[in-house]
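Peer 1: To start, I am sharing the structure in question, which I have written as structure tokens.
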Amino acid sequence: MDPRHQRGPYQFQWTINSKTIVEEIEEDEPTLRPPEYNLVPLNELGVHIDTDAEIDILALAIHMNPPNEMNTNHGKSLIQEIYLIDPGLKLLRLTMWNRFVHDEYREISDLILAKPIILGTRIKVSSYNGLSLSSRPTSVFIVEPLLSSSVALRTWAAQNDKLLEEIIGNSFGSASSSSTDPIIKVSEIVEKLISAPAMARSTYLVRGKFRMVDFHQSFHYVSCENCNKATGYDLGEKFICYSCKNAAIARVRCRVYLDVYDDTTSTPVVIFGSLAEEILGCTAVDLIDRTDEEHLPYIENIANNIENNEWIIVLGAQMNESGRLRQNKLTVLSVNNVPGTAK
């Protein structure tokens with residue numbers, strides 16, 4: 001590591017991420033029993049309002065506000081508000097206090113667009129603003145816990161993703177754009193993002209074209225066939241996904257980085273899956289072995305064809321905790337070819 005970033009007297013750092021393969025080694029040791037939780041659905045918490053009951057919950061985090069300082073009887077405290085939902089469709093606000101903001105905030109923030117599953121233990125149920133939840137000093141939070149109930153919750157979330165997006169849009173003003181939304185210029189988006197608040201989610205509708213800038217990028221990645229999250233397993237290999245916790249086969253998925261532009265300016269975007277294949281005019285499989293210099297003319301031909309098409313494009317933006325655009329790129333959510341342009 002760069003000495004400026006070393007943590008303690010350690011020369012090296014080992015980073016484990018979503019692509020790291022971790023497999024259990026069978027040993028002749030007694031099986032450890034997983035902890036047991038008395039999970040209470042969110043729509044059944046009313047009986048515990050303002051009591052000493054310490055509740056365990058399991059829910060999806062679908063939105064979060066930036067950290068904020070609050071004056072209390074004991075001085076200033078740092079709080080973080082996260083909004084949770086479960087299959088009962090009860091939307092509740094969970095307030096994390098002080099150390100939980102420092103410890104759990106960044107992990108949840110990095111995953112919020114994927115609607116991470118949160119396990120919270122020893123939670124307090126309060127009558128503040130109707131019904132809300134808050135952490136206690138003894139609370140524990142686990143993001144994406146390895147529980148059988150988490151698998152069921154993730155399956156429900158995948159089956160009801162459109163409904164969840166509608167709830168997010170209606171509650172926090174970040175619904176997906178529709179054809180009735182006003183079309184704006186790319187330059188207007190750039191200006192809006194400069195003043196966008198931290199953690200804000202927004203969508204924009206533009207009319208424009210795509211341009212390929214990087215001809216040597218990798219146009220695909222290996223992912224879980226269920227949740228599309230990247231994995232370190234080889235193509236076609238069977239594994240248990242760390243993200244969705246389901247048995248899966250590693251599949252190739254298209255991902256491309258382009259610029260979207262109109263007559264005002266351009267901005268970088270990322271596009272995934274079948275949407276990327278539609279814009280490129282080929283599949284991820286077609287591109288697997290075409291990233292070297294020998295196949296550069298093939299990529300150049302795709303790039304030229306891309307600029308023959310004009311699209312109505314829905315762009316999604318997610319700001320981070322510092323009020324900056326995540327990964328410095330917008331995400332293409334949907335496209336419709338403009339009639340009369342090449343297809």
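Ligands are numbered from 1 in the order shown, residues from 1 within each chain, and chains are lettered A, B, ... in the order they appear in the structure tokens.
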Run DSSP on the backbone and give me the residues of region 169-273 of chain A it puts in alpha helix (DSSP H), as a list in words.
Peer 2: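 Output for region 169-273 of chain A, alpha helix (DSSP H) only: Gly169, Asn170, Ser171, Phe172, Val186, Ser187, Glu188, Ile189, Val190, Glu191, Lys192, Leu193, Ile194 and Gly273 of chain A.
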Peer 1: Using all heavy atoms, can you export the residues from the last selection as a short mmCIF file (atom, residue, chain, number, x, y, z; two decimals), in the first residue's frame?
Peer 2:
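The file below, result_4.cif, is the result:
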data_model
loop_
_atom_site.label_atom_id
_atom_site.label_comp_id
_atom_site.auth_asym_id
_atom_site.auth_seq_id
_atom_site.Cartn_x
_atom_site.Cartn_y
_atom_site.Cartn_z
N GLY A 169 -40.85 6.11 -6.22
CA GLY A 169 -41.18 7.32 -6.96
C GLY A 169 -42.25 8.15 -6.28
O GLY A 169 -42.13 9.37 -6.17
N ASN A 170 -43.30 7.48 -5.81
CA ASN A 170 -44.40 8.19 -5.16
C ASN A 170 -43.98 8.78 -3.81
O ASN A 170 -44.48 9.84 -3.40
CB ASN A 170 -45.59 7.26 -4.95
CG ASN A 170 -46.24 6.84 -6.26
OD1 ASN A 170 -46.16 7.56 -7.25
ND2 ASN A 170 -46.85 5.67 -6.28
N SER A 171 -43.06 8.12 -3.12
CA SER A 171 -42.69 8.55 -1.77
C SER A 171 -41.54 9.55 -1.75
O SER A 171 -41.48 10.43 -0.89
CB SER A 171 -42.31 7.33 -0.92
OG SER A 171 -43.37 6.40 -0.85
N PHE A 172 -40.62 9.41 -2.73
CA PHE A 172 -39.40 10.22 -2.67
C PHE A 172 -39.14 10.98 -3.95
O PHE A 172 -38.07 11.54 -4.14
CB PHE A 172 -38.20 9.32 -2.36
CG PHE A 172 -38.41 8.45 -1.16
CD1 PHE A 172 -38.61 7.08 -1.31
CD2 PHE A 172 -38.46 8.98 0.12
CE1 PHE A 172 -38.83 6.27 -0.22
CE2 PHE A 172 -38.68 8.18 1.21
CZ PHE A 172 -38.87 6.81 1.05
N VAL A 186 -29.18 17.68 -22.84
CA VAL A 186 -28.13 17.05 -22.04
C VAL A 186 -27.43 18.10 -21.18
O VAL A 186 -27.07 17.84 -20.03
CB VAL A 186 -27.13 16.32 -22.95
CG1 VAL A 186 -25.97 15.76 -22.13
CG2 VAL A 186 -27.82 15.19 -23.72
N SER A 187 -27.25 19.29 -21.71
CA SER A 187 -26.59 20.35 -20.94
C SER A 187 -27.39 20.71 -19.68
O SER A 187 -26.81 21.07 -18.65
CB SER A 187 -26.40 21.60 -21.81
OG SER A 187 -27.65 22.07 -22.30
N GLU A 188 -28.72 20.60 -19.75
CA GLU A 188 -29.55 20.88 -18.58
C GLU A 188 -29.33 19.85 -17.49
O GLU A 188 -29.34 20.17 -16.30
CB GLU A 188 -31.03 20.91 -18.98
CG GLU A 188 -31.42 22.06 -19.91
CD GLU A 188 -32.90 22.03 -20.24
OE1 GLU A 188 -33.72 22.22 -19.33
OE2 GLU A 188 -33.24 21.79 -21.42
N ILE A 189 -29.13 18.59 -17.91
CA ILE A 189 -28.86 17.53 -16.93
C ILE A 189 -27.55 17.83 -16.21
O ILE A 189 -27.46 17.73 -14.98
CB ILE A 189 -28.78 16.15 -17.62
CG1 ILE A 189 -30.11 15.81 -18.27
CG2 ILE A 189 -28.37 15.08 -16.61
CD1 ILE A 189 -30.10 14.50 -19.04
N VAL A 190 -26.53 18.19 -16.97
CA VAL A 190 -25.23 18.50 -16.37
C VAL A 190 -25.37 19.62 -15.35
O VAL A 190 -24.78 19.56 -14.25
CB VAL A 190 -24.23 18.89 -17.48
CG1 VAL A 190 -22.90 19.32 -16.86
CG2 VAL A 190 -24.01 17.72 -18.45
N GLU A 191 -26.16 20.62 -15.66
CA GLU A 191 -26.37 21.74 -14.73
C GLU A 191 -27.14 21.30 -13.48
O GLU A 191 -26.81 21.71 -12.36
CB GLU A 191 -27.11 22.87 -15.44
CG GLU A 191 -26.30 23.55 -16.54
CD GLU A 191 -27.11 24.57 -17.31
OE1 GLU A 191 -28.29 24.76 -16.96
OE2 GLU A 191 -26.57 25.18 -18.26
N LYS A 192 -28.16 20.46 -13.67
CA LYS A 192 -28.96 19.99 -12.53
C LYS A 192 -28.13 19.15 -11.57
O LYS A 192 -28.30 19.22 -10.35
CB LYS A 192 -30.16 19.18 -13.04
CG LYS A 192 -31.24 20.00 -13.74
CD LYS A 192 -32.34 19.09 -14.27
CE LYS A 192 -33.43 19.87 -15.00
NZ LYS A 192 -34.21 20.71 -14.07
N LEU A 193 -27.21 18.36 -12.11
CA LEU A 193 -26.41 17.47 -11.26
C LEU A 193 -25.45 18.26 -10.38
O LEU A 193 -25.06 17.80 -9.31
CB LEU A 193 -25.64 16.48 -12.13
CG LEU A 193 -26.49 15.44 -12.88
CD1 LEU A 193 -25.60 14.56 -13.75
CD2 LEU A 193 -27.29 14.59 -11.90
N ILE A 194 -25.07 19.46 -10.81
CA ILE A 194 -24.15 20.28 -10.02
C ILE A 194 -24.77 20.64 -8.67
O ILE A 194 -24.09 20.67 -7.64
CB ILE A 194 -23.76 21.56 -10.80
CG1 ILE A 194 -22.94 21.18 -12.04
CG2 ILE A 194 -22.98 22.52 -9.91
CD1 ILE A 194 -22.63 22.36 -12.94
N GLY A 273 -27.01 -5.18 -20.01
CA GLY A 273 -27.91 -6.23 -20.46
C GLY A 273 -28.43 -6.08 -21.87
O GLY A 273 -27.75 -5.61 -22.78
#
Peer 1: Can you tell me, as a VMD selection string, what residues are no more than 8 Å from Pro41 (chain A) when counting only C-alpha atoms, ignoring any on the same chain fewer than 3 positions away?
Peer 2: chain A and resid 44 to 45 57 to 58 86 88
Peer 1: Which residues come within 8 Å of region 125-136 of chain A, counting only C-alpha atoms, excluding same-chain residues fewer than 4 positions away, as a PyMOL selection string?
Peer 2: chain A and resi 45-46+48-51+53+55+92-97
Peer 1: Can you list, as a ChimeraX atom specification, every residue of region 100-290 of chain A that DSSP puts in strand (DSSP E or B)?
Peer 2: /A:117-126,132-134,140-143,183,201-211,220-224,230,238-240,247-261,266-272
Peer 1: With C-alpha atoms retained, export the selected residues as an mmCIF file, in the first residue's frame.
Peer 2:
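Just written: selection_2.cif:
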data_model
loop_
_atom_site.group_PDB
_atom_site.id
_atom_site.type_symbol
_atom_site.label_atom_id
_atom_site.label_comp_id
_atom_site.auth_asym_id
_atom_site.auth_seq_id
_atom_site.Cartn_x
_atom_site.Cartn_y
_atom_site.Cartn_z
ATOM 1 C CA ILE A 117 -31.680 -6.475 2.752
ATOM 2 C CA ILE A 118 -31.086 -5.171 6.283
ATOM 3 C CA LEU A 119 -31.260 -7.261 9.431
ATOM 4 C CA GLY A 120 -31.669 -5.126 12.539
ATOM 5 C CA THR A 121 -31.700 -6.505 16.076
ATOM 6 C CA ARG A 122 -32.768 -4.893 19.363
ATOM 7 C CA ILE A 123 -34.592 -2.115 17.516
ATOM 8 C CA LYS A 124 -36.737 0.454 19.313
ATOM 9 C CA VAL A 125 -40.271 1.175 18.035
ATOM 10 C CA SER A 126 -41.249 4.807 18.547
ATOM 11 C CA SER A 132 -40.845 4.850 13.297
ATOM 12 C CA LEU A 133 -37.834 2.783 14.250
ATOM 13 C CA SER A 134 -34.540 3.765 15.816
ATOM 14 C CA VAL A 140 -26.748 -4.782 15.574
ATOM 15 C CA PHE A 141 -27.186 -4.308 11.814
ATOM 16 C CA ILE A 142 -26.190 -6.820 9.158
ATOM 17 C CA VAL A 143 -26.391 -6.008 5.453
ATOM 18 C CA ILE A 183 -37.606 16.135 -22.919
ATOM 19 C CA ARG A 201 -32.173 9.806 -7.138
ATOM 20 C CA SER A 202 -33.539 11.325 -10.314
ATOM 21 C CA THR A 203 -34.436 10.457 -13.902
ATOM 22 C CA TYR A 204 -34.222 12.535 -17.053
ATOM 23 C CA LEU A 205 -35.699 12.210 -20.527
ATOM 24 C CA VAL A 206 -33.542 13.284 -23.470
ATOM 25 C CA ARG A 207 -33.498 12.953 -27.244
ATOM 26 C CA GLY A 208 -30.039 12.199 -28.513
ATOM 27 C CA LYS A 209 -27.493 9.793 -29.902
ATOM 28 C CA PHE A 210 -24.813 7.529 -28.462
ATOM 29 C CA ARG A 211 -21.102 7.754 -29.216
ATOM 30 C CA HIS A 220 -19.186 -7.769 -20.996
ATOM 31 C CA TYR A 221 -18.760 -9.192 -17.517
ATOM 32 C CA VAL A 222 -19.535 -12.543 -15.899
ATOM 33 C CA SER A 223 -22.560 -12.339 -13.618
ATOM 34 C CA CYS A 224 -25.103 -14.273 -11.594
ATOM 35 C CA ALA A 230 -20.689 -9.558 -11.073
ATOM 36 C CA LYS A 238 -22.301 -23.301 -10.913
ATOM 37 C CA PHE A 239 -22.089 -21.425 -7.616
ATOM 38 C CA ILE A 240 -24.017 -19.892 -4.721
ATOM 39 C CA ALA A 247 -27.831 -21.257 -6.655
ATOM 40 C CA ALA A 248 -26.798 -19.871 -10.021
ATOM 41 C CA ILE A 249 -24.774 -20.389 -13.179
ATOM 42 C CA ALA A 250 -22.252 -17.767 -14.231
ATOM 43 C CA ARG A 251 -23.494 -16.078 -17.414
ATOM 44 C CA VAL A 252 -22.048 -13.395 -19.650
ATOM 45 C CA ARG A 253 -23.846 -10.037 -19.517
ATOM 46 C CA CYS A 254 -23.332 -7.050 -21.758
ATOM 47 C CA ARG A 255 -22.085 -3.755 -20.295
ATOM 48 C CA VAL A 256 -20.936 -0.799 -22.362
ATOM 49 C CA TYR A 257 -19.685 2.694 -21.568
ATOM 50 C CA LEU A 258 -20.762 5.336 -24.086
ATOM 51 C CA ASP A 259 -21.406 9.056 -24.301
ATOM 52 C CA VAL A 260 -24.932 10.342 -24.927
ATOM 53 C CA TYR A 261 -25.064 13.666 -26.780
ATOM 54 C CA SER A 266 -22.381 15.129 -24.124
ATOM 55 C CA THR A 267 -22.193 13.133 -20.898
ATOM 56 C CA PRO A 268 -20.861 9.624 -20.068
ATOM 57 C CA VAL A 269 -23.332 6.799 -19.447
ATOM 58 C CA VAL A 270 -23.290 3.084 -18.667
ATOM 59 C CA ILE A 271 -25.742 0.588 -20.196
ATOM 60 C CA PHE A 272 -26.398 -3.007 -19.143
#
Peer 1: For CA of Lys90 (chain A) and CA of Asn65 (chain A), determine how far apart the two atoms are, in Å to one decimal place.
Peer 2: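 CA of Asn65 (chain A) lies at a distance of 18.4 Å from CA of Lys90 (chain A).
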Peer 1: So, counting only C-alpha atoms, which residue among A:Glu237, A:Met199, A:Ile21, A:Asn308 is closest to Leu113 (chain A)?
Peer 2: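 Once distances to Leu113 (chain A) are computed over only C-alpha atoms, the minimum belongs to A:Met199.
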Peer 1: One decimal, Å: what's the distance from CA of Glu165 (chain A) over to CA of Asn328 (chain A), could you say?
Peer 2: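 According to the coordinates, CA of Glu165 (chain A) and CA of Asn328 (chain A) are separated by 22.7 Å.
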Peer 1: Restricting the calculation to only C-alpha atoms, which member of A:Lys76, A:Tyr233, A:Val47, A:Cys244 is positioned closest to Pro116 (chain A)?
Peer 2: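 Going through A:Lys76, A:Tyr233, A:Val47, A:Cys244 one by one, the smallest distance to Pro116 (chain A) is for A:Cys244.
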Peer 1: Compile a residue-level contact table for region 109-187 of chain A against region 318-323 of chain A at a cut-off of 12 Å, reporting for every qualifying residue the shortest atom pair and its distance in Å to one decimal, with only C-alpha atoms counted, rows ordered by chain and ascending number, as a tab-separated table.
Peer 2:
residue	atom	partner	partner_atom	distance
A:Ser109	CA	A:Asn320	CA	7.5
A:Asp110	CA	A:Asn320	CA	8.0
A:Leu111	CA	A:Asn320	CA	10.8
A:Ile112	CA	A:Gln318	CA	9.5
A:Leu113	CA	A:Gln318	CA	8.0
A:Ala114	CA	A:Gln318	CA	11.6
A:Ser174	CA	A:Gln318	CA	9.9
Peer 1: Pick the closest to Pro66 (chain A) from A:Glu81, A:Glu24, A:Glu293, A:Glu144: which is it, counting only C-alpha atoms?
Peer 2: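 For Pro66 (chain A), the nearest of the candidates is A:Glu81.
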Peer 1: Quick one: of A:Glu23, A:Glu54, A:Asp262, A:Asp286, who's nearest to Ile313 (chain A), counting only C-alpha atoms?
Peer 2: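 Checking each candidate against Ile313 (chain A), we get A:Asp262 as the closest.
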